[in-house]
Structure formats: C-alpha cells, structure tokens
file run.cif (mmCIF, C-alpha atoms and all ligand atoms)
data_my_file
#
loop_
_atom_site.label_atom_id
_atom_site.label_comp_id
_atom_site.auth_asym_id
_atom_site.auth_seq_id
_atom_site.Cartn_x
_atom_site.Cartn_y
_atom_site.Cartn_z
CA MET X 5 13.63 -6.71 3.07
CA ILE X 6 10.10 -6.01 4.21
CA LEU X 7 7.45 -4.13 2.26
CA ILE X 8 4.75 -2.36 4.21
CA LYS X 9 1.66 -0.88 2.59
CA LEU X 10 -0.23 1.55 4.78
CA GLY X 11 -3.75 1.41 3.42
CA GLY X 12 -5.61 4.63 2.79
CA SER X 13 -8.49 3.37 4.90
CA VAL X 14 -6.28 3.26 7.97
CA ILE X 15 -4.21 6.43 7.52
CA THR X 16 -7.17 8.58 6.47
CA ASN X 17 -10.79 8.88 7.45
CA LYS X 18 -12.47 7.52 4.33
CA GLU X 19 -15.84 8.96 5.30
CA LYS X 20 -14.50 12.51 5.33
CA SER X 21 -12.66 14.09 2.40
CA LEU X 22 -9.11 15.20 2.97
CA SER X 23 -8.84 14.08 6.56
CA ALA X 24 -5.78 12.21 7.78
CA ARG X 25 -5.88 10.05 10.91
CA ARG X 26 -2.81 11.66 12.41
CA LYS X 27 -2.93 9.82 15.73
CA THR X 28 -3.17 6.45 13.95
CA ILE X 29 -0.24 7.40 11.69
CA ASP X 30 1.79 8.36 14.79
CA ASN X 31 0.96 5.03 16.46
CA LEU X 32 1.99 3.18 13.32
CA ALA X 33 5.28 5.10 13.24
CA THR X 34 5.97 4.20 16.90
CA SER X 35 5.52 0.51 16.08
CA LEU X 36 7.56 0.66 12.88
CA LYS X 37 10.41 2.08 14.95
CA LYS X 38 10.60 -1.32 16.71
CA ILE X 39 11.42 -3.13 13.47
CA ASP X 40 15.12 -3.57 12.91
CA GLU X 41 15.05 -4.94 9.40
CA SER X 42 15.31 -2.86 6.24
CA MET X 43 11.93 -1.83 4.93
CA ILE X 44 10.13 0.14 2.26
CA ILE X 45 6.85 1.89 3.03
CA VAL X 46 4.11 2.37 0.44
CA HIS X 47 0.96 4.27 1.29
CA GLY X 48 -2.45 4.58 -0.29
CA GLY X 49 -4.66 7.51 -1.19
CA GLY X 50 -7.68 7.13 1.08
CA SER X 51 -9.73 10.28 1.37
CA TYR X 52 -7.01 12.28 -0.41
CA GLY X 53 -6.16 10.61 -3.75
CA HIS X 54 -9.36 8.58 -3.99
CA TYR X 55 -11.55 11.54 -3.21
CA TRP X 56 -10.18 13.51 -6.18
CA SER X 57 -9.91 10.50 -8.49
CA VAL X 58 -13.63 9.87 -8.01
CA LYS X 59 -14.43 13.58 -8.59
CA TYR X 60 -12.50 13.60 -11.87
CA ASP X 61 -13.58 10.10 -12.89
CA MET X 62 -10.05 8.77 -13.07
CA HIS X 63 -9.25 5.05 -12.92
CA THR X 64 -6.47 2.51 -13.24
CA LYS X 65 -7.12 2.19 -16.99
CA GLU X 66 -4.78 4.31 -19.13
CA LYS X 67 -6.89 7.06 -20.74
CA LYS X 68 -6.94 10.76 -21.59
CA TYR X 69 -8.24 11.98 -18.25
CA ASP X 70 -8.88 15.62 -17.35
CA LEU X 71 -5.44 17.15 -16.83
CA ARG X 72 -6.83 19.28 -14.01
CA GLY X 73 -7.74 16.03 -12.23
CA VAL X 74 -4.24 14.64 -12.76
CA ALA X 75 -2.70 17.78 -11.24
CA ILE X 76 -5.07 17.82 -8.29
CA VAL X 77 -4.76 14.10 -7.48
CA LYS X 78 -0.98 14.42 -7.56
CA ASN X 79 -1.04 17.45 -5.33
CA SER X 80 -3.31 15.76 -2.79
CA MET X 81 -1.01 12.75 -2.62
CA ILE X 82 1.94 15.04 -1.88
CA GLU X 83 -0.09 16.51 0.96
CA LEU X 84 -0.87 13.11 2.47
CA ASN X 85 2.70 11.95 1.87
CA LYS X 86 3.98 14.96 3.79
CA ILE X 87 1.80 14.06 6.78
CA VAL X 88 3.18 10.50 6.75
CA LEU X 89 6.79 11.71 6.37
CA ASP X 90 6.39 14.26 9.18
CA SER X 91 5.04 11.59 11.50
CA LEU X 92 7.92 9.20 10.70
CA LEU X 93 10.45 11.98 11.28
CA LYS X 94 8.82 13.01 14.55
CA ASN X 95 9.05 9.39 15.71
CA LYS X 96 12.77 9.26 14.99
CA LEU X 97 12.64 7.21 11.81
CA ASN X 98 14.54 8.38 8.72
CA PRO X 99 12.17 8.38 5.75
CA TYR X 100 13.49 8.84 2.23
CA CYS X 101 10.69 10.24 0.09
CA PHE X 102 10.50 8.33 -3.19
CA PRO X 103 7.55 9.33 -5.42
CA PRO X 104 6.52 6.67 -7.96
CA THR X 105 7.65 8.92 -10.84
CA GLY X 106 11.16 8.03 -9.64
CA PHE X 107 10.87 4.34 -10.50
CA MET X 108 7.99 3.99 -12.98
CA LEU X 109 8.13 4.40 -16.74
CA GLY X 110 4.62 4.24 -18.20
CA ASN X 111 3.04 1.37 -16.32
CA LYS X 112 6.27 -0.56 -15.80
CA PRO X 113 8.72 -0.35 -12.91
CA ILE X 114 12.34 0.45 -13.73
CA SER X 115 14.29 -2.44 -12.26
CA LYS X 116 17.51 -0.51 -11.84
CA LYS X 117 15.74 2.22 -9.87
CA VAL X 118 13.93 -0.29 -7.67
CA LYS X 119 17.23 -1.99 -6.88
CA GLU X 120 18.63 1.39 -5.98
CA ILE X 121 15.74 1.84 -3.52
CA GLU X 122 16.77 -1.48 -1.97
CA LYS X 123 20.31 -0.19 -1.48
CA ILE X 124 18.96 2.95 0.13
CA ALA X 125 16.76 0.88 2.46
CA LYS X 126 19.74 -1.26 3.48
CA THR X 127 21.51 1.80 4.87
CA GLY X 128 18.69 2.26 7.37
CA LEU X 129 16.88 5.02 5.51
CA ILE X 130 13.25 4.12 4.86
CA PRO X 131 12.11 4.71 1.28
CA VAL X 132 8.51 5.95 1.29
CA THR X 133 6.38 5.88 -1.85
CA TYR X 134 2.65 6.04 -2.60
CA GLY X 135 -0.18 5.40 -5.05
CA ASP X 136 -0.47 8.28 -7.52
CA ALA X 137 -1.77 9.62 -10.83
CA LEU X 138 0.91 8.81 -13.41
CA TRP X 139 1.80 9.69 -16.96
CA TYR X 140 1.45 6.73 -19.31
CA GLY X 141 2.33 8.22 -22.69
CA GLN X 142 0.46 9.71 -25.69
CA LYS X 143 -1.47 12.10 -23.44
CA LYS X 144 -2.80 9.22 -21.39
CA THR X 145 -2.53 8.94 -17.62
CA TYR X 146 -3.67 6.37 -15.05
CA ILE X 147 -4.06 5.79 -11.34
CA LEU X 148 -1.35 3.54 -9.97
CA SER X 149 -2.49 1.98 -6.73
CA GLY X 150 -0.11 1.42 -3.85
CA ASP X 151 -1.19 -2.25 -3.89
CA LYS X 152 0.13 -2.63 -7.40
CA ILE X 153 3.38 -0.93 -6.36
CA MET X 154 3.71 -3.67 -3.69
CA THR X 155 3.62 -6.35 -6.40
CA HIS X 156 6.12 -4.49 -8.58
CA LEU X 157 8.55 -4.11 -5.66
CA ALA X 158 8.09 -7.68 -4.37
CA LYS X 159 8.72 -9.14 -7.80
CA ILE X 160 11.99 -7.27 -8.31
CA LEU X 161 13.28 -7.36 -4.72
CA LYS X 162 12.02 -10.81 -3.63
CA SER X 163 11.13 -9.28 -0.30
CA ARG X 164 10.97 -11.61 2.70
CA LEU X 165 7.57 -10.33 3.72
CA SER X 166 4.88 -8.00 2.38
CA ILE X 167 2.46 -6.52 4.87
CA PHE X 168 -0.82 -4.84 3.94
CA VAL X 169 -1.93 -2.68 6.85
CA LEU X 170 -5.72 -2.39 6.88
CA ASN X 171 -8.56 -0.87 8.84
CA GLU X 172 -9.78 -4.43 9.57
CA ASP X 173 -8.30 -7.44 11.34
CA GLY X 174 -7.67 -9.18 8.02
CA LEU X 175 -9.90 -11.11 5.66
CA TYR X 176 -13.14 -12.45 7.05
CA SER X 177 -14.76 -15.67 5.91
CA ASP X 178 -18.06 -14.13 6.90
CA LEU X 179 -18.62 -10.37 7.03
CA LYS X 180 -21.43 -10.55 9.59
CA SER X 181 -19.66 -12.51 12.30
CA LYS X 182 -16.26 -11.09 11.22
CA LYS X 183 -14.78 -14.55 11.48
CA LEU X 184 -11.13 -14.11 10.56
CA ILE X 185 -9.35 -16.24 7.97
CA TYR X 186 -5.97 -16.95 9.57
CA GLU X 187 -4.24 -18.55 6.65
CA LEU X 188 -4.68 -18.98 2.91
CA ASN X 189 -2.69 -21.57 1.03
CA GLY X 190 -3.35 -20.50 -2.51
CA GLU X 191 -7.13 -20.67 -2.36
CA ARG X 192 -9.02 -17.57 -3.52
CA PRO X 193 -11.34 -16.03 -0.93
CA LEU X 194 -14.68 -14.59 -2.03
CA ILE X 195 -14.98 -10.88 -1.39
CA SER X 196 -17.54 -8.25 -2.23
CA GLU X 197 -16.66 -5.22 -4.37
CA ASN X 198 -16.33 -1.74 -2.95
CA LYS X 199 -17.74 0.55 -5.63
CA LYS X 200 -16.55 3.80 -4.06
CA ASP X 201 -12.93 2.96 -4.58
CA VAL X 202 -11.32 3.73 -7.96
CA THR X 203 -8.56 1.17 -7.54
CA GLY X 204 -10.82 -1.66 -6.36
CA GLY X 205 -10.50 -1.64 -2.55
CA MET X 206 -10.20 -5.05 -0.93
CA VAL X 207 -10.55 -6.88 -4.25
CA ARG X 208 -7.38 -5.27 -5.51
CA LYS X 209 -5.52 -6.00 -2.27
CA VAL X 210 -6.43 -9.69 -2.40
CA GLU X 211 -5.48 -9.83 -6.07
CA GLU X 212 -2.04 -8.32 -5.45
CA ALA X 213 -1.49 -10.39 -2.27
CA SER X 214 -2.29 -13.56 -4.22
CA LYS X 215 0.14 -12.59 -6.97
CA ILE X 216 2.93 -11.97 -4.45
CA SER X 217 2.30 -15.21 -2.57
CA LYS X 218 2.29 -17.13 -5.86
CA MET X 219 5.78 -15.78 -6.48
CA GLY X 220 6.73 -17.63 -3.28
CA MET X 221 6.65 -14.81 -0.73
CA ASN X 222 4.54 -14.52 2.40
CA VAL X 223 1.97 -11.74 2.63
CA PHE X 224 0.18 -10.59 5.77
CA PHE X 225 -2.99 -8.56 6.18
CA VAL X 226 -3.01 -6.85 9.58
CA ASN X 227 -5.04 -4.26 11.43
CA GLY X 228 -3.25 -0.90 11.52
CA ASN X 229 -5.30 0.22 14.50
CA LYS X 230 -3.39 -2.44 16.45
CA PRO X 231 0.07 -1.64 15.07
CA GLU X 232 1.92 -3.95 17.49
CA ARG X 233 0.55 -6.74 15.26
CA ILE X 234 2.84 -5.49 12.47
CA VAL X 235 5.85 -5.90 14.76
CA LYS X 236 4.70 -9.41 15.73
CA ALA X 237 4.21 -10.37 12.08
CA VAL X 238 7.76 -9.22 11.28
CA LYS X 239 9.22 -11.02 14.29
CA ASN X 240 7.39 -14.26 13.45
CA ARG X 241 5.40 -14.18 16.65
CA LYS X 242 1.81 -15.31 16.99
CA PHE X 243 -0.45 -12.49 15.87
CA GLU X 244 -3.93 -11.71 14.60
CA GLY X 245 -4.31 -11.31 10.88
CA THR X 246 -4.47 -13.19 7.60
CA LEU X 247 -1.42 -14.90 6.13
CA PHE X 248 -1.21 -15.63 2.41
CA ARG X 249 1.39 -18.34 2.52
CA GLY X 250 4.02 -17.95 -0.17
CA LYS X 251 3.78 -20.84 -2.61
CA ARG X 252 4.89 -21.41 -6.13
CA ASN X 253 2.57 -22.85 -8.77
CA VAL X 254 -0.61 -22.89 -6.72
C1 LIG X 301 -4.56 5.14 -4.59
O1 LIG X 301 -3.68 4.26 -3.98
C2 LIG X 301 -3.87 6.34 -5.10
C3 LIG X 301 -4.79 7.34 -5.67
C4 LIG X 301 -6.09 7.25 -5.74
C5 LIG X 301 -4.17 8.50 -6.24
P1 LIG X 301 -4.31 2.97 -3.27
O2 LIG X 301 -5.30 2.32 -4.17
O3 LIG X 301 -3.16 2.12 -2.85
O4 LIG X 301 -5.04 3.60 -2.01
P2 LIG X 301 -5.87 2.93 -0.83
O5 LIG X 301 -4.87 2.31 0.09
O6 LIG X 301 -6.78 1.89 -1.44
O7 LIG X 301 -6.58 4.08 -0.22
#
call {"tool": "encode", "arguments": {"input": "run.cif", "output": "structure tokens"}}
result
Amino acid sequence: MILIKLGGSVITNKEKSLSARRKTIDNLATSLKKIDESMIIVHGGGSYGHYWSVKYDMHTKEKKYDLRGVAIVKNSMIELNKIVLDSLLKNKLNPYCFPPTGFMLGNKPISKKVKEIEKIAKTGLIPVTYGDALWYGQKKTYILSGDKIMTHLAKILKSRLSIFVLNEDGLYSDLKSKKLIYELNGERPLISENKKDVTGGMVRKVEEASKISKMGMNVFFVNGNKPERIVKAVKNRKFEGTLFRGKRNV
C-alpha cells in the first residue's frame, strides 16, 4: 500500500486565491496511472482551504471557531476535491471519494474505517481524501491537515511507502543554493517557518514524515512538477527527492 499526499502548493496556485493548477493535476494523474500498486491519495488545501482558514482565523487547535468559516472551508475543499477527482477520472483512474468525516471521530481516526479504505484500495479503486475543517465536539472544530492524515493512515495501515508531493525538489540543506538533501536517517533537518500557512507548511510535513519514518516506514518528498519522479520512487528507481529512511527508535 502506498500513500500519496498531493500538497496544496503543487495542486493550487498559492499566490492566487481559489486557483487550481489544473494542468499540473492532469500531469500528476497521468503519472499515477503508471503505478500498479494499491494506493490512497490525500490532498491538501492550498489556495482553497488555507485561503479561507486564514480569513476566518481557523487553526489546527480545537476551538470554537466561526461556524460560517467552518462551512466555507468545508465547501471550498469539496470544490478542490472535485477538480482532483475529475482529473483522475478523465485520466482513466477510478477514484473513490472518501472525505475525512468518513474515518475521523473528533481528532482520532477510526481504525475499522481506515482498514475498510485499505480493502477498497486493494480492489483497484483509489480512495481520495483531503485536509478539512472538522467537528471536534462541544461546539469546537479544528483544521485537520492532509499531512496529519498521512500519519494516521500510515500508522494503521503500515503502508510500504508514503510520498509527499511538493512544489520543490525535496528538502534543501541550504535554501539559497537549493542543495538537495537526498537522505535522512533519523536526523532532524532545520527548516524555517511559513507563517502564511495555518497548518504549518513545510514544518508540519517534516514533522509528520519524521513520525512515519520512526514507525519504520520510508517516506519520500518529491517534486510534483516532475511527476515521473513519483513513479520512479514507487518503482525503487534512482530519482531526485528526499528520502526519510524508515527506522525504529531513532
Ligand atoms: C489543509 O490541508 C486543509 C485546510 C486548510 C482546510 P493541508 O495542510 O494538508 O494543505 P497543504 O497541502 O499544506 O496546502
């Protein structure tokens, strides 16, 4: 089982509110079609969900946020999800839309539901889920990031590989020269915060990738603008990107 997170920064234009990068999504779909292993796709919010979360001051912390914001964030994620699903369908893949409300209870994943998603994926259908505004309980809601969903799914399904598809080649050891880190063996890279992002941008991705690799599973960061790299990562071929090598107790 492979988990693929399509980052909001690659599937949307983060500089422009509510704009999807349709051509990029189509190219990603064409590459995903070449993978013949069961997979689950998770996508982020980019200039859809993040745009509205910032407007309504909503974050990952469970709080009593403006209900109008909750409704609007949710609606915008449906809109982006539809664009992703349409592209997958057009490219002859069989997506199975699976909103996070279908497997989350409060801030915890429902194991039984997640295992059901695995069964669905094994038939060849491709479950597709996404980061969203979710009900927590006692009038509180929160923003669940797609990165966090990756950790929830990896933990329950022990996926062979988790791939975070980014708008960059991977993690850089130096932002100026863009010198790529090819492999991490448990060490924590230093990264700068992105304040515009309610779920923590790259910091969150590295945090979740580290958690997954500590559970013993490999994680790749790859550039979604070069989607053939995803196929290479899955097929264990030499590719450009950052590998968080799966290790226990590091
Ligand atoms: C965010 O999901 C979802 C919302 C803001 C509603 P992510 O945090 O996974 O989104 P990206 O990939 O960073 O854009």
call {"tool": "residues_around", "arguments": {"input": "run.cif", "residues": "range 232-238 of chain X", "least_positions_apart": "4", "cutoff": "10 Å", "atoms": "only C-alpha atoms", "output": "tab-separated table (two decimals) with C-alpha atoms, in the frame of the given file"}}
result
chain	number	residue	atom	x	y	z
X	6	ILE	CA	10.10	-6.01	4.21
X	8	ILE	CA	4.75	-2.36	4.21
X	31	ASN	CA	0.96	5.03	16.46
X	32	LEU	CA	1.99	3.18	13.32
X	34	THR	CA	5.97	4.20	16.90
X	35	SER	CA	5.52	0.51	16.08
X	36	LEU	CA	7.56	0.66	12.88
X	37	LYS	CA	10.41	2.08	14.95
X	38	LYS	CA	10.60	-1.32	16.71
X	39	ILE	CA	11.42	-3.13	13.47
X	40	ASP	CA	15.12	-3.57	12.91
X	41	GLU	CA	15.05	-4.94	9.40
X	164	ARG	CA	10.97	-11.61	2.70
X	165	LEU	CA	7.57	-10.33	3.72
X	166	SER	CA	4.88	-8.00	2.38
X	167	ILE	CA	2.46	-6.52	4.87
X	168	PHE	CA	-0.82	-4.84	3.94
X	169	VAL	CA	-1.93	-2.68	6.85
X	173	ASP	CA	-8.30	-7.44	11.34
X	223	VAL	CA	1.97	-11.74	2.63
X	224	PHE	CA	0.18	-10.59	5.77
X	225	PHE	CA	-2.99	-8.56	6.18
X	226	VAL	CA	-3.01	-6.85	9.58
X	227	ASN	CA	-5.04	-4.26	11.43
X	228	GLY	CA	-3.25	-0.90	11.52
X	242	LYS	CA	1.81	-15.31	16.99
X	243	PHE	CA	-0.45	-12.49	15.87
X	244	GLU	CA	-3.93	-11.71	14.60
X	245	GLY	CA	-4.31	-11.31	10.88
X	247	LEU	CA	-1.42	-14.90	6.13
call {"tool": "closest_residue", "arguments": {"input": "run.cif", "among": "X:Ile45, X:Ile130, X:Ile153, X:Leu7", "to": "Phe107 in chain X", "atoms": "only C-alpha atoms"}}
result
X:Ile153
call {"tool": "atom_distance", "arguments": {"input": "run.cif", "atom1": "CA of Gly250 in chain X", "atom2": "CA of Val210 in chain X"}}
result
13.5 Å
call {"tool": "closest_atom_pairs", "arguments": {"input": "run.cif", "of": "chain X", "to": "ligand LIG 301 (chain X)", "cutoff": "6 Å", "atoms": "all atoms listed in the file", "output": "Markdown table"}}
result
| residue | atom | partner | partner_atom | distance |
| --- | --- | --- | --- | --- |
| X:Gly11 | CA | X:LIG301 | O5 | 3.6 |
| X:Gly12 | CA | X:LIG301 | O7 | 3.2 |
| X:Ser13 | CA | X:LIG301 | O7 | 5.5 |
| X:Gly48 | CA | X:LIG301 | O4 | 3.3 |
| X:Gly49 | CA | X:LIG301 | O4 | 4.0 |
| X:Gly50 | CA | X:LIG301 | O7 | 3.5 |
| X:Gly53 | CA | X:LIG301 | C5 | 3.8 |
| X:His54 | CA | X:LIG301 | C4 | 3.9 |
| X:Ser57 | CA | X:LIG301 | C4 | 5.7 |
| X:Val77 | CA | X:LIG301 | C5 | 5.8 |
| X:Gly135 | CA | X:LIG301 | C2 | 3.8 |
| X:Asp136 | CA | X:LIG301 | C5 | 3.9 |
| X:Ala137 | CA | X:LIG301 | C5 | 5.3 |
| X:Ile147 | CA | X:LIG301 | C5 | 5.8 |
| X:Ser149 | CA | X:LIG301 | O1 | 3.8 |
| X:Gly150 | CA | X:LIG301 | O3 | 3.3 |
| X:Asp151 | CA | X:LIG301 | O3 | 4.9 |
| X:Thr203 | CA | X:LIG301 | O2 | 4.8 |
| X:Gly205 | CA | X:LIG301 | O6 | 5.2 |
call {"tool": "atom_distance", "arguments": {"input": "run.cif", "atom1": "CA of Leu10 in chain X", "atom2": "CA of Leu184 in chain X"}}
result
19.9 Å
